[in-house]
Amino acid sequence: MSENTLDKISDLLRRARSAGADAADAVFVSSTAIGAGVRNGVTEELERSETTDLGLRVFSGKKSAIVSTTTLDTARFDGLVEQALAMAQVLPDDQFAGLAEHSLTGTHTTNTLDLADTAEPDANALLARATEGEHAALAIKGVTNSAGSSASFGRTEVILATSQGFLGSYARTSHSTSVCVLAGQGETMQRDYDYSSAVYLSDLTNPTTLGIQAGENAVARLNPTRPRTGRYPVVFHPRIANSFLRHFVGAINGSAIARGTSFLKDKMGQKIFADGITVTDDPTRPRGLRSRPFDGEGTQAAPLTLVENGTLKSWVLDTRSARQLGLTSNGRAARGASSPPGPSATNLAFAAGHLSPSDLMADIKEGLFITEMMGSSINGLTGDYSRGASGFMIRDGQIAEAVAEFTLAGNLLDIFASLVVANDLVFRFGTDAPTLRSDALSVAGA
């Protein structure tokens, strides 16, 4: 980020204070994205976008307001400040409003998180990567059509400044490839996919590997049956298992806790997972998909243990939700240019267990191995859980025939308490889980 841009953001805050704001902060986000997609060897998508967004938040007493623009034009700064202060005067008081008490100070433009790759593929390179993945998938026996293959690159630069004396910036890059294909014919067709995302191109899974996996996944799902209605041990593939972390982190979001709208609102300090289970959130992971040197309020990034040995240890907090709860922010604020900060996790993960996936299902006489879920009926107040699913039967500890068109149901408190984690954790998605097993789910099938 250029010194000129940093100076402009600092100037905007000076103008806000001079115009009468008690405090202010500003966020500037500049993004470049390139995407390419093919289907059956024909280019279906080729696009490039460049966006800039500037947001100014001002505080006047206990009132606050946010205004945003898509240009960094200093000639418009005074008008932006005037508009923000005028909006603040007509909004109601918010006793929890204000900048973070424990934000950083000084200028922070370097970090050790290794978030910006120098490799910037052009459109031709992206098309070649998408084509390679699709070609590998279509070569798998039984694959009959492509549902599309894509590749993308993005670069985002962030500046955050506060009237407390904080000025920080960082850049991040992202590379991704995805392949989706169909197997079979007519009404018996089955679809499956594979994909990879990484900060560095060198860490991205080879597109041929992705294509082969997508093709094999689709063929394996042919001719599914429906499992009998009943209660079975259920094992979740890692690409699906991470959904339980998303349900969990939504339930410990500080805003939900402060509103009293979470089934975990009274569970702090209690055991909600089994012994040995740990959940962490780590914004400092080098090359992490959601790593950042500071949060959306200028609080320094630091790892956080959410669950230790099965016991809930912390909420996910920004400054406002922390004040509502009489606590201190743990640096989990995220914000856009036109919205206020809100609590949000970063690199969220279960710690790996000790059993292999094979060991996890070895004692299962009859059960389910879930590779895809669709739809969602989650009651945030009660934890009641219901989702459509597909995958494979487990028979005598081995993955067997494909199954589809059934529903898994239970309660997240029971599911969390029953989870057993395998040892195959890989950081692929930003929210990551190893293979998981639960014996607390009912199946509505045939």
# chains A, B, ... in the order shown; residues from 1 in each chain; ligands from 1
$ residues_around --residues "Ser30 (chain A)" --least-positions-apart "3" --cutoff "8 Å" --atoms "only C-alpha atoms" --output "PyMOL selection string"
chain A and resi 50-53+156-158
$ write_last_selection --atoms "C-alpha atoms" --output "PDB file, in the first residue's frame"
ATOM      1  CA  GLU A  50     -11.283  -3.985  -9.581  1.00  0.00           C
ATOM      2  CA  THR A  51     -13.057  -2.353  -6.663  1.00  0.00           C
ATOM      3  CA  THR A  52     -12.268   0.195  -3.990  1.00  0.00           C
ATOM      4  CA  ASP A  53     -14.357   0.957  -0.915  1.00  0.00           C
ATOM      5  CA  THR A 156      -7.025  -7.511  -1.482  1.00  0.00           C
ATOM      6  CA  GLU A 157      -5.362  -4.637   0.329  1.00  0.00           C
ATOM      7  CA  VAL A 158      -6.747  -3.319   3.606  1.00  0.00           C
TER       8      VAL A 158
END
$ select_by_dssp --residues "region 346-396 of chain A" --states "helix (DSSP H, G or I)" --output "PyMOL selection string"
chain A and resi 357-361
$ write_last_selection --atoms "N, CA and C atoms" --output "PDB file, in the first residue's frame"
ATOM      1  N   PRO A 357      -9.214 -42.357  10.369  1.00  0.00           N
ATOM      2  CA  PRO A 357     -10.599 -42.518   9.918  1.00  0.00           C
ATOM      3  C   PRO A 357     -11.038 -43.977   9.885  1.00  0.00           C
ATOM      4  N   SER A 358     -10.145 -44.872   9.490  1.00  0.00           N
ATOM      5  CA  SER A 358     -10.486 -46.297   9.466  1.00  0.00           C
ATOM      6  C   SER A 358     -10.780 -46.815  10.860  1.00  0.00           C
ATOM      7  N   ASP A 359      -9.954 -46.400  11.844  1.00  0.00           N
ATOM      8  CA  ASP A 359     -10.186 -46.806  13.223  1.00  0.00           C
ATOM      9  C   ASP A 359     -11.505 -46.243  13.752  1.00  0.00           C
ATOM     10  N   LEU A 360     -11.853 -45.029  13.284  1.00  0.00           N
ATOM     11  CA  LEU A 360     -13.052 -44.362  13.749  1.00  0.00           C
ATOM     12  C   LEU A 360     -14.314 -45.152  13.384  1.00  0.00           C
ATOM     13  N   MET A 361     -14.267 -45.844  12.252  1.00  0.00           N
ATOM     14  CA  MET A 361     -15.448 -46.587  11.814  1.00  0.00           C
ATOM     15  C   MET A 361     -15.289 -48.109  11.923  1.00  0.00           C
TER      16      MET A 361
END
$ residues_around --residues "region 257-268 of chain A" --least-positions-apart "5" --cutoff "12 Å" --atoms "only C-alpha atoms" --output "PyMOL selection string"
chain A and resi 96+247-252+273+306-308+310-318+320-327+343+378-385+411-414+416
$ write_last_selection --atoms "C-alpha atoms" --output "PDB file, in the first residue's frame"
ATOM      1  CA  PHE A  96     -21.978   0.302  23.895  1.00  0.00           C
ATOM      2  CA  HIS A 247     -22.773 -24.080  13.744  1.00  0.00           C
ATOM      3  CA  PHE A 248     -20.697 -23.938  16.911  1.00  0.00           C
ATOM      4  CA  VAL A 249     -19.047 -20.610  16.223  1.00  0.00           C
ATOM      5  CA  GLY A 250     -22.387 -19.086  15.272  1.00  0.00           C
ATOM      6  CA  ALA A 251     -23.728 -20.154  18.655  1.00  0.00           C
ATOM      7  CA  ILE A 252     -20.825 -18.528  20.561  1.00  0.00           C
ATOM      8  CA  PHE A 273     -17.795 -31.549  23.786  1.00  0.00           C
ATOM      9  CA  LEU A 306     -12.549 -21.609  22.348  1.00  0.00           C
ATOM     10  CA  VAL A 307     -12.871 -25.154  23.693  1.00  0.00           C
ATOM     11  CA  GLU A 308     -10.312 -26.916  25.876  1.00  0.00           C
ATOM     12  CA  GLY A 310     -14.369 -30.318  25.821  1.00  0.00           C
ATOM     13  CA  THR A 311     -15.076 -27.243  27.973  1.00  0.00           C
ATOM     14  CA  LEU A 312     -16.311 -23.958  26.498  1.00  0.00           C
ATOM     15  CA  LYS A 313     -13.723 -21.296  27.368  1.00  0.00           C
ATOM     16  CA  SER A 314     -14.552 -18.168  25.372  1.00  0.00           C
ATOM     17  CA  TRP A 315     -17.081 -16.333  23.254  1.00  0.00           C
ATOM     18  CA  VAL A 316     -16.141 -14.728  19.920  1.00  0.00           C
ATOM     19  CA  LEU A 317     -16.102 -11.015  20.774  1.00  0.00           C
ATOM     20  CA  ASP A 318     -15.688  -7.630  19.206  1.00  0.00           C
ATOM     21  CA  ARG A 320     -19.470  -3.807  21.265  1.00  0.00           C
ATOM     22  CA  SER A 321     -20.539  -7.356  22.128  1.00  0.00           C
ATOM     23  CA  ALA A 322     -17.839  -7.522  24.810  1.00  0.00           C
ATOM     24  CA  ARG A 323     -19.170  -4.361  26.451  1.00  0.00           C
ATOM     25  CA  GLN A 324     -22.707  -5.744  26.371  1.00  0.00           C
ATOM     26  CA  LEU A 325     -21.455  -8.791  28.252  1.00  0.00           C
ATOM     27  CA  GLY A 326     -19.173  -6.916  30.645  1.00  0.00           C
ATOM     28  CA  LEU A 327     -16.093  -8.478  29.042  1.00  0.00           C
ATOM     29  CA  PRO A 343     -17.713 -10.677  15.896  1.00  0.00           C
ATOM     30  CA  ILE A 378     -30.936 -25.228  12.466  1.00  0.00           C
ATOM     31  CA  ASN A 379     -32.772 -23.656  15.394  1.00  0.00           C
ATOM     32  CA  GLY A 380     -30.319 -21.277  17.026  1.00  0.00           C
ATOM     33  CA  LEU A 381     -32.393 -21.059  20.200  1.00  0.00           C
ATOM     34  CA  THR A 382     -32.699 -24.788  20.865  1.00  0.00           C
ATOM     35  CA  GLY A 383     -29.907 -26.357  18.804  1.00  0.00           C
ATOM     36  CA  ASP A 384     -32.348 -28.591  16.932  1.00  0.00           C
ATOM     37  CA  TYR A 385     -30.646 -29.839  13.784  1.00  0.00           C
ATOM     38  CA  ASN A 411     -29.778 -31.673  18.613  1.00  0.00           C
ATOM     39  CA  LEU A 412     -26.434 -29.907  18.413  1.00  0.00           C
ATOM     40  CA  LEU A 413     -25.850 -30.223  22.162  1.00  0.00           C
ATOM     41  CA  ASP A 414     -26.126 -34.008  21.855  1.00  0.00           C
ATOM     42  CA  PHE A 416     -21.296 -31.946  20.069  1.00  0.00           C
TER      43      PHE A 416
END
$ atom_distance --atom1 "CA of Ala333 (chain A)" --atom2 "CA of Ile277 (chain A)"
25.4 Å
$ select_by_dssp --residues "region 277-381 of chain A" --states "strand (DSSP E)" --output "ChimeraX atom specification"
/A:279-281,304-308,311-312,333-334,342-343,348-350,366-378
$ write_last_selection --atoms "C-alpha atoms" --output "PDB file, in the first residue's frame"
ATOM      1  CA  VAL A 279     -11.273 -25.930  19.226  1.00  0.00           C
ATOM      2  CA  THR A 280      -8.994 -23.011  18.386  1.00  0.00           C
ATOM      3  CA  ASP A 281      -9.224 -19.830  16.369  1.00  0.00           C
ATOM      4  CA  LEU A 304      -7.690 -18.061  21.024  1.00  0.00           C
ATOM      5  CA  THR A 305      -8.765 -21.365  22.549  1.00  0.00           C
ATOM      6  CA  LEU A 306     -12.549 -21.609  22.348  1.00  0.00           C
ATOM      7  CA  VAL A 307     -12.871 -25.154  23.693  1.00  0.00           C
ATOM      8  CA  GLU A 308     -10.312 -26.916  25.876  1.00  0.00           C
ATOM      9  CA  THR A 311     -15.076 -27.243  27.973  1.00  0.00           C
ATOM     10  CA  LEU A 312     -16.311 -23.958  26.498  1.00  0.00           C
ATOM     11  CA  ALA A 333     -13.975  -7.881  14.993  1.00  0.00           C
ATOM     12  CA  ALA A 334     -14.572  -7.938  11.249  1.00  0.00           C
ATOM     13  CA  GLY A 342     -19.129  -7.523  14.263  1.00  0.00           C
ATOM     14  CA  PRO A 343     -17.713 -10.677  15.896  1.00  0.00           C
ATOM     15  CA  LEU A 348     -11.159 -22.022  13.047  1.00  0.00           C
ATOM     16  CA  ALA A 349     -10.266 -25.675  13.634  1.00  0.00           C
ATOM     17  CA  PHE A 350     -10.759 -28.781  15.720  1.00  0.00           C
ATOM     18  CA  GLU A 366     -24.077 -50.510  10.078  1.00  0.00           C
ATOM     19  CA  GLY A 367     -23.725 -46.768   9.752  1.00  0.00           C
ATOM     20  CA  LEU A 368     -23.340 -43.848   7.372  1.00  0.00           C
ATOM     21  CA  PHE A 369     -20.383 -42.016   5.833  1.00  0.00           C
ATOM     22  CA  ILE A 370     -21.540 -38.533   4.811  1.00  0.00           C
ATOM     23  CA  THR A 371     -19.845 -36.728   1.917  1.00  0.00           C
ATOM     24  CA  GLU A 372     -22.426 -34.060   1.137  1.00  0.00           C
ATOM     25  CA  MET A 373     -25.205 -32.200   2.918  1.00  0.00           C
ATOM     26  CA  MET A 374     -27.793 -29.844   1.552  1.00  0.00           C
ATOM     27  CA  GLY A 375     -30.415 -27.536   2.962  1.00  0.00           C
ATOM     28  CA  SER A 376     -30.363 -26.496   6.565  1.00  0.00           C
ATOM     29  CA  SER A 377     -32.851 -26.340   9.397  1.00  0.00           C
ATOM     30  CA  ILE A 378     -30.936 -25.228  12.466  1.00  0.00           C
TER      31      ILE A 378
END
$ residues_around --residues "Leu12 (chain A)" --least-positions-apart "6" --cutoff "8 Å" --atoms "only C-alpha atoms" --output "list in words"
Ala26, Thr74, Phe77 and Val81 of chain A
$ residues_around --residues "region 424-428 of chain A" --least-positions-apart "4" --cutoff "12 Å" --atoms "only C-alpha atoms" --output "PyMOL selection string"
chain A and resi 176+194-199+203-205+237-239+241-242+282+285-290+347-360+432-436
$ closest_residue --among "A:Asp439, A:Asp363, A:Glu187, A:Asp25" --to "Phe166 (chain A)" --atoms "only C-alpha atoms"
A:Asp25
$ closest_residue --among "A:Leu167, A:Leu408, A:Val420, A:Leu46" --to "Thr229 (chain A)" --atoms "only C-alpha atoms"
A:Leu408
$ closest_residue --among "A:Phe392, A:Phe406, A:Phe294, A:Phe153" --to "Ala446 (chain A)" --atoms "only C-alpha atoms"
A:Phe406
$ atom_distance --atom1 "CA of Leu56 (chain A)" --atom2 "CA of Val27 (chain A)"
6.8 Å
$ atom_distance --atom1 "CA of Ala274 (chain A)" --atom2 "CA of Ala417 (chain A)"
5.2 Å
